[in-house]
Amino acid sequence: MVEAKDGPHLRVGGRPVLSFASNDYLGLAQHPALIRAAQEAAAQYGVGATSSALLSGHEAPHEALEHELAAFAGRPRALFFGSGYMANVGLVPALVGRGDAVFSDALNHACLIDGVRLSRAESHIYPHNDLATLAQQLAASKAEHKLVVTDAVFSMDGDIAPLHELLALCETHDALLMIDDAHGFGVLGPEGRGTAAHLGLDSPRLIYMATLGKAAGCAGAFVAGEASTIEWILQRARTYIFATSTPAMVVQAVRASLKVIATEGWRREQLARLINRLRAGTASLRWQHPASDTAVQPLIIGDNADALAVMAALDAQGLWVPAIRPPTVPEGTARLRISLSAAHSEADVDRLIQALPR
């Protein structure tokens with residue numbers, strides 16, 4: 001249990017702990033501007049939205065945020081959800097159903113997997129980033145509507161999906177492409193505008209989803225795309241229609257976060273320096289450190305027991321680095337999932353490097 005927090009420096013069980021387990025990639029969760037925005041909104045609107053968005057829970061801050069998110073993501077319209085999980089399990093069934101087909105990367109996040117299952121569409125799983133298999137599946141499908149869903153940055157490996165190639169396949173086979181940019185939003189692209197902006201991706205077929213509880217430091221998620229597509233989702237996504245709206249205090253904090261993300265570019269620069277420092281420090285270790293230019297840095301241990309032992313050894317030195325094991329990751333790839341943040345210092349990263357067993 002976390003008892004106190006100062007960026008990555010925590011107090012857990014009465015002792016100080018340096019955390020590499022957070023998704024606060026830009027170190028914004030305790031940013032004064034976000035806290036101030038939340039406090040002012042709480043004073044004006046209270047601490048609860050008290051209703052679903054389609055009744056009376058959609059307040060002026062929600063409307064403003066959705067316009068700002070659409071502009072930030074470079075899409076015509078956006079819709080705000082209470083969480084990334086709520087967004088994905090609502091989005092996929094809103095877009096496809098019985099008689100349709102959905103194509104999902106084997107390493108997609110659990111919320112995308114659950115969304116696919118709930119949609120009742122014909123499900124096709126293609127091996128991780130395997131474009132040839134996906135092309136065969138799309139060509140063989142006779143479904144009236146087709147949807148390809150993928151993480152933009154994969155949460156356990158930190159690699160970026162081949163989005164240009166995926167979009168080209170969607171163009172060829174008349175499919176929509178939905179990307180979950182939970183781990184790219186705020187970190188990648190000009191002014192942190194996400195993986196699609198990072199790759200220069202733009203198409204009316206693109207449905208862009210991102211969470212706001214990671215690099216943005218707040219809570220919630222959004223989907224952005226063509227105006228007609230977003231209106232369709234608004235009318236059909238059960239996790240939007242039947243959920244109590246997010247409190248305005250959170251919404252206003254997100255609005256403040258967007259401004260900080262766009263203007264405080266030094267945070268992404270700091271994160272990039274830390275990534276390079278960590279990778280240089282692990283180069284001589286016996287474990288594999290797959291390529292990743294993102295805040296997600298996996299150190300592949302392999303055996304489950306070995307991964308737990310390394311985690312325990314780090315914990316004994318006051319370092320919190322989670323060991324991730326199957327079924328979250330494939331068999332034989334148990335790992336340390338090292339999450340870096342702009343709130344870490346170079347000394348923090350050096351301390352982790354020095355503590356890793358040789």
# chains A, B, ... in the order shown; residues from 1 in each chain; ligands from 1

call {"tool": "residues_around", "arguments": {"residues": "segment 173-184 of chain A", "least_positions_apart": "2", "cutoff": "8 Å", "atoms": "only C-alpha atoms", "output": "ChimeraX atom specification"}}
result
/A:84,138-139,145-155,166-167,169-171,186-188,194-195,205-212,214-215,294-296

call {"tool": "residues_around", "arguments": {"residues": "segment 93-110 of chain A", "least_positions_apart": "3", "cutoff": "6 Å", "atoms": "only C-alpha atoms", "output": "PDB file with N, CA and C atoms, in the first residue's frame"}}
result
ATOM      1  N   GLY A  90     -16.417  -0.391 -24.824  1.00  0.00           N
ATOM      2  CA  GLY A  90     -17.589   0.219 -25.440  1.00  0.00           C
ATOM      3  C   GLY A  90     -17.412   0.476 -26.920  1.00  0.00           C
ATOM      4  N   ILE A 113      -9.113  -6.825 -26.100  1.00  0.00           N
ATOM      5  CA  ILE A 113      -9.539  -8.225 -26.215  1.00  0.00           C
ATOM      6  C   ILE A 113     -10.971  -8.379 -25.714  1.00  0.00           C
ATOM      7  N   SER A 119     -18.230  -7.700 -28.677  1.00  0.00           N
ATOM      8  CA  SER A 119     -18.834  -7.252 -29.933  1.00  0.00           C
ATOM      9  C   SER A 119     -19.639  -8.342 -30.631  1.00  0.00           C
ATOM     10  N   ARG A 120     -19.284  -9.598 -30.374  1.00  0.00           N
ATOM     11  CA  ARG A 120     -19.902 -10.757 -31.023  1.00  0.00           C
ATOM     12  C   ARG A 120     -19.634 -10.795 -32.527  1.00  0.00           C
ATOM     13  N   ALA A 121     -18.700  -9.975 -32.980  1.00  0.00           N
ATOM     14  CA  ALA A 121     -18.276 -10.042 -34.376  1.00  0.00           C
ATOM     15  C   ALA A 121     -17.366 -11.249 -34.564  1.00  0.00           C
ATOM     16  N   GLU A 122     -17.204 -11.670 -35.791  1.00  0.00           N
ATOM     17  CA  GLU A 122     -16.265 -12.751 -36.098  1.00  0.00           C
ATOM     18  C   GLU A 122     -14.858 -12.264 -35.777  1.00  0.00           C
ATOM     19  N   SER A 123     -14.173 -12.998 -34.917  1.00  0.00           N
ATOM     20  CA  SER A 123     -12.882 -12.543 -34.400  1.00  0.00           C
ATOM     21  C   SER A 123     -11.716 -13.247 -35.089  1.00  0.00           C
ATOM     22  N   HIS A 124     -10.740 -12.456 -35.514  1.00  0.00           N
ATOM     23  CA  HIS A 124      -9.512 -12.983 -36.116  1.00  0.00           C
ATOM     24  C   HIS A 124      -8.319 -12.410 -35.341  1.00  0.00           C
ATOM     25  N   ILE A 125      -7.487 -13.280 -34.816  1.00  0.00           N
ATOM     26  CA  ILE A 125      -6.282 -12.860 -34.100  1.00  0.00           C
ATOM     27  C   ILE A 125      -5.079 -13.101 -35.005  1.00  0.00           C
ATOM     28  N   TYR A 126      -4.304 -12.066 -35.245  1.00  0.00           N
ATOM     29  CA  TYR A 126      -3.114 -12.252 -36.071  1.00  0.00           C
ATOM     30  C   TYR A 126      -1.863 -12.149 -35.189  1.00  0.00           C
ATOM     31  N   PRO A 127      -0.816 -12.927 -35.497  1.00  0.00           N
ATOM     32  CA  PRO A 127       0.420 -12.860 -34.692  1.00  0.00           C
ATOM     33  C   PRO A 127       0.943 -11.426 -34.645  1.00  0.00           C
ATOM     34  N   HIS A 128       1.659 -11.122 -33.572  1.00  0.00           N
ATOM     35  CA  HIS A 128       2.080  -9.756 -33.295  1.00  0.00           C
ATOM     36  C   HIS A 128       2.734  -9.090 -34.496  1.00  0.00           C
ATOM     37  N   ALA A 143     -17.126 -10.447 -44.550  1.00  0.00           N
ATOM     38  CA  ALA A 143     -17.946  -9.620 -43.676  1.00  0.00           C
ATOM     39  C   ALA A 143     -18.252  -8.271 -44.323  1.00  0.00           C
ATOM     40  N   GLU A 144     -19.421  -7.743 -44.014  1.00  0.00           N
ATOM     41  CA  GLU A 144     -19.822  -6.457 -44.575  1.00  0.00           C
ATOM     42  C   GLU A 144     -18.993  -5.326 -43.992  1.00  0.00           C
ATOM     43  N   HIS A 145     -18.721  -5.390 -42.683  1.00  0.00           N
ATOM     44  CA  HIS A 145     -17.923  -4.368 -42.016  1.00  0.00           C
ATOM     45  C   HIS A 145     -16.710  -5.022 -41.373  1.00  0.00           C
ATOM     46  N   LYS A 146     -15.556  -4.395 -41.549  1.00  0.00           N
ATOM     47  CA  LYS A 146     -14.310  -4.937 -41.013  1.00  0.00           C
ATOM     48  C   LYS A 146     -13.620  -3.873 -40.166  1.00  0.00           C
ATOM     49  N   LEU A 147     -13.057  -4.308 -39.044  1.00  0.00           N
ATOM     50  CA  LEU A 147     -12.363  -3.408 -38.124  1.00  0.00           C
ATOM     51  C   LEU A 147     -11.057  -4.048 -37.688  1.00  0.00           C
ATOM     52  N   VAL A 148      -9.948  -3.333 -37.868  1.00  0.00           N
ATOM     53  CA  VAL A 148      -8.643  -3.755 -37.358  1.00  0.00           C
ATOM     54  C   VAL A 148      -8.369  -2.963 -36.087  1.00  0.00           C
ATOM     55  N   VAL A 149      -8.027  -3.658 -35.002  1.00  0.00           N
ATOM     56  CA  VAL A 149      -7.732  -2.980 -33.735  1.00  0.00           C
ATOM     57  C   VAL A 149      -6.320  -3.336 -33.284  1.00  0.00           C
ATOM     58  N   THR A 150      -5.598  -2.337 -32.814  1.00  0.00           N
ATOM     59  CA  THR A 150      -4.218  -2.577 -32.365  1.00  0.00           C
ATOM     60  C   THR A 150      -3.800  -1.539 -31.335  1.00  0.00           C
ATOM     61  N   ASP A 151      -2.961  -1.958 -30.403  1.00  0.00           N
ATOM     62  CA  ASP A 151      -2.229  -0.989 -29.595  1.00  0.00           C
ATOM     63  C   ASP A 151      -1.325  -0.191 -30.532  1.00  0.00           C
ATOM     64  N   ILE A 233     -20.708   6.380 -32.239  1.00  0.00           N
ATOM     65  CA  ILE A 233     -20.207   5.808 -30.990  1.00  0.00           C
ATOM     66  C   ILE A 233     -20.982   6.367 -29.800  1.00  0.00           C
ATOM     67  N   ARG A 236     -24.180   4.582 -29.373  1.00  0.00           N
ATOM     68  CA  ARG A 236     -24.181   3.119 -29.267  1.00  0.00           C
ATOM     69  C   ARG A 236     -23.272   2.540 -28.185  1.00  0.00           C
ATOM     70  N   ALA A 237     -22.304   3.282 -27.715  1.00  0.00           N
ATOM     71  CA  ALA A 237     -21.348   2.736 -26.741  1.00  0.00           C
ATOM     72  C   ALA A 237     -21.995   2.694 -25.355  1.00  0.00           C
TER      73      ALA A 237
END

call {"tool": "closest_residue", "arguments": {"among": "A:Leu278, A:Ile300, A:Leu131, A:Leu69", "to": "Ser341 of chain A", "atoms": "only C-alpha atoms"}}
result
A:Leu278

call {"tool": "closest_residue", "arguments": {"among": "A:Val92, A:Leu65, A:Ala256, A:Ala73", "to": "His198 of chain A", "atoms": "only C-alpha atoms"}}
result
A:Ala73

call {"tool": "closest_residue", "arguments": {"among": "A:Leu201, A:Ala347, A:Leu79, A:Ala334", "to": "Glu226 of chain A", "atoms": "only C-alpha atoms"}}
result
A:Leu79

call {"tool": "closest_residue", "arguments": {"among": "A:Asp157, A:Leu18, A:Leu308, A:Glu165", "to": "Ala132 of chain A", "atoms": "only C-alpha atoms"}}
result
A:Glu165

call {"tool": "atom_distance", "arguments": {"atom1": "atom CA of Pro327 of chain A", "atom2": "atom CA of Ala161 of chain A"}}
result
21.0 Å

call {"tool": "decode", "arguments": {"residues": "segment 281-313 of chain A", "atoms": "N, CA and C atoms", "output": "short mmCIF file (atom, residue, chain, number, x, y, z; two decimals), in the first residue's frame"}}
result
data_model
loop_
_atom_site.label_atom_id
_atom_site.label_comp_id
_atom_site.auth_asym_id
_atom_site.auth_seq_id
_atom_site.Cartn_x
_atom_site.Cartn_y
_atom_site.Cartn_z
N GLY A 281 23.12 1.44 -19.80
CA GLY A 281 23.49 0.77 -18.56
C GLY A 281 23.15 -0.70 -18.53
N THR A 282 22.16 -1.13 -19.33
CA THR A 282 21.78 -2.55 -19.35
C THR A 282 22.43 -3.32 -20.49
N ALA A 283 23.21 -2.64 -21.32
CA ALA A 283 23.77 -3.28 -22.51
C ALA A 283 24.66 -4.47 -22.17
N SER A 284 25.32 -4.44 -21.01
CA SER A 284 26.24 -5.51 -20.65
C SER A 284 25.59 -6.62 -19.83
N LEU A 285 24.31 -6.47 -19.53
CA LEU A 285 23.62 -7.50 -18.74
C LEU A 285 23.35 -8.75 -19.57
N ARG A 286 23.10 -9.86 -18.88
CA ARG A 286 22.88 -11.12 -19.59
C ARG A 286 21.46 -11.25 -20.14
N TRP A 287 20.58 -10.31 -19.79
CA TRP A 287 19.20 -10.40 -20.22
C TRP A 287 18.94 -9.53 -21.45
N GLN A 288 17.92 -9.91 -22.19
CA GLN A 288 17.56 -9.17 -23.39
C GLN A 288 16.79 -7.90 -23.01
N HIS A 289 17.14 -6.80 -23.67
CA HIS A 289 16.46 -5.53 -23.47
C HIS A 289 15.98 -5.07 -24.85
N PRO A 290 14.77 -5.51 -25.27
CA PRO A 290 14.30 -5.22 -26.62
C PRO A 290 14.24 -3.73 -26.91
N ALA A 291 14.40 -3.40 -28.19
CA ALA A 291 14.39 -2.01 -28.61
C ALA A 291 13.07 -1.35 -28.28
N SER A 292 13.13 -0.19 -27.66
CA SER A 292 11.94 0.61 -27.37
C SER A 292 12.37 2.05 -27.17
N ASP A 293 11.75 2.95 -27.93
CA ASP A 293 12.01 4.37 -27.77
C ASP A 293 10.96 5.03 -26.89
N THR A 294 10.19 4.21 -26.19
CA THR A 294 9.11 4.73 -25.36
C THR A 294 9.45 4.56 -23.89
N ALA A 295 8.55 5.04 -23.03
CA ALA A 295 8.79 4.95 -21.59
C ALA A 295 8.72 3.52 -21.06
N VAL A 296 8.14 2.61 -21.85
CA VAL A 296 8.04 1.20 -21.46
C VAL A 296 9.32 0.49 -21.87
N GLN A 297 10.09 0.02 -20.88
CA GLN A 297 11.38 -0.61 -21.12
C GLN A 297 11.39 -2.01 -20.50
N PRO A 298 11.14 -3.06 -21.31
CA PRO A 298 11.12 -4.41 -20.77
C PRO A 298 12.51 -5.03 -20.68
N LEU A 299 12.79 -5.66 -19.58
CA LEU A 299 14.02 -6.42 -19.43
C LEU A 299 13.62 -7.89 -19.31
N ILE A 300 13.85 -8.65 -20.36
CA ILE A 300 13.34 -10.02 -20.45
C ILE A 300 14.22 -10.97 -19.63
N ILE A 301 13.65 -11.53 -18.57
CA ILE A 301 14.36 -12.48 -17.71
C ILE A 301 14.16 -13.91 -18.21
N GLY A 302 12.93 -14.22 -18.62
CA GLY A 302 12.63 -15.55 -19.17
C GLY A 302 11.83 -16.41 -18.21
N ASP A 303 12.51 -16.95 -17.22
CA ASP A 303 11.87 -17.85 -16.25
C ASP A 303 11.08 -17.06 -15.21
N ASN A 304 9.90 -17.57 -14.87
CA ASN A 304 9.03 -16.87 -13.90
C ASN A 304 9.71 -16.69 -12.55
N ALA A 305 10.28 -17.78 -12.03
CA ALA A 305 10.91 -17.72 -10.71
C ALA A 305 12.10 -16.76 -10.71
N ASP A 306 12.87 -16.76 -11.78
CA ASP A 306 14.01 -15.85 -11.87
C ASP A 306 13.55 -14.39 -11.89
N ALA A 307 12.47 -14.13 -12.61
CA ALA A 307 11.96 -12.76 -12.66
C ALA A 307 11.51 -12.29 -11.28
N LEU A 308 10.84 -13.18 -10.55
CA LEU A 308 10.39 -12.84 -9.20
C LEU A 308 11.59 -12.63 -8.27
N ALA A 309 12.63 -13.43 -8.45
CA ALA A 309 13.82 -13.31 -7.61
C ALA A 309 14.52 -11.97 -7.84
N VAL A 310 14.60 -11.55 -9.11
CA VAL A 310 15.23 -10.26 -9.41
C VAL A 310 14.39 -9.13 -8.84
N MET A 311 13.08 -9.24 -8.97
CA MET A 311 12.20 -8.23 -8.39
C MET A 311 12.40 -8.13 -6.88
N ALA A 312 12.50 -9.28 -6.22
CA ALA A 312 12.68 -9.30 -4.76
C ALA A 312 14.03 -8.69 -4.38
N ALA A 313 15.06 -8.97 -5.17
CA ALA A 313 16.38 -8.41 -4.88
C ALA A 313 16.38 -6.89 -5.00
#
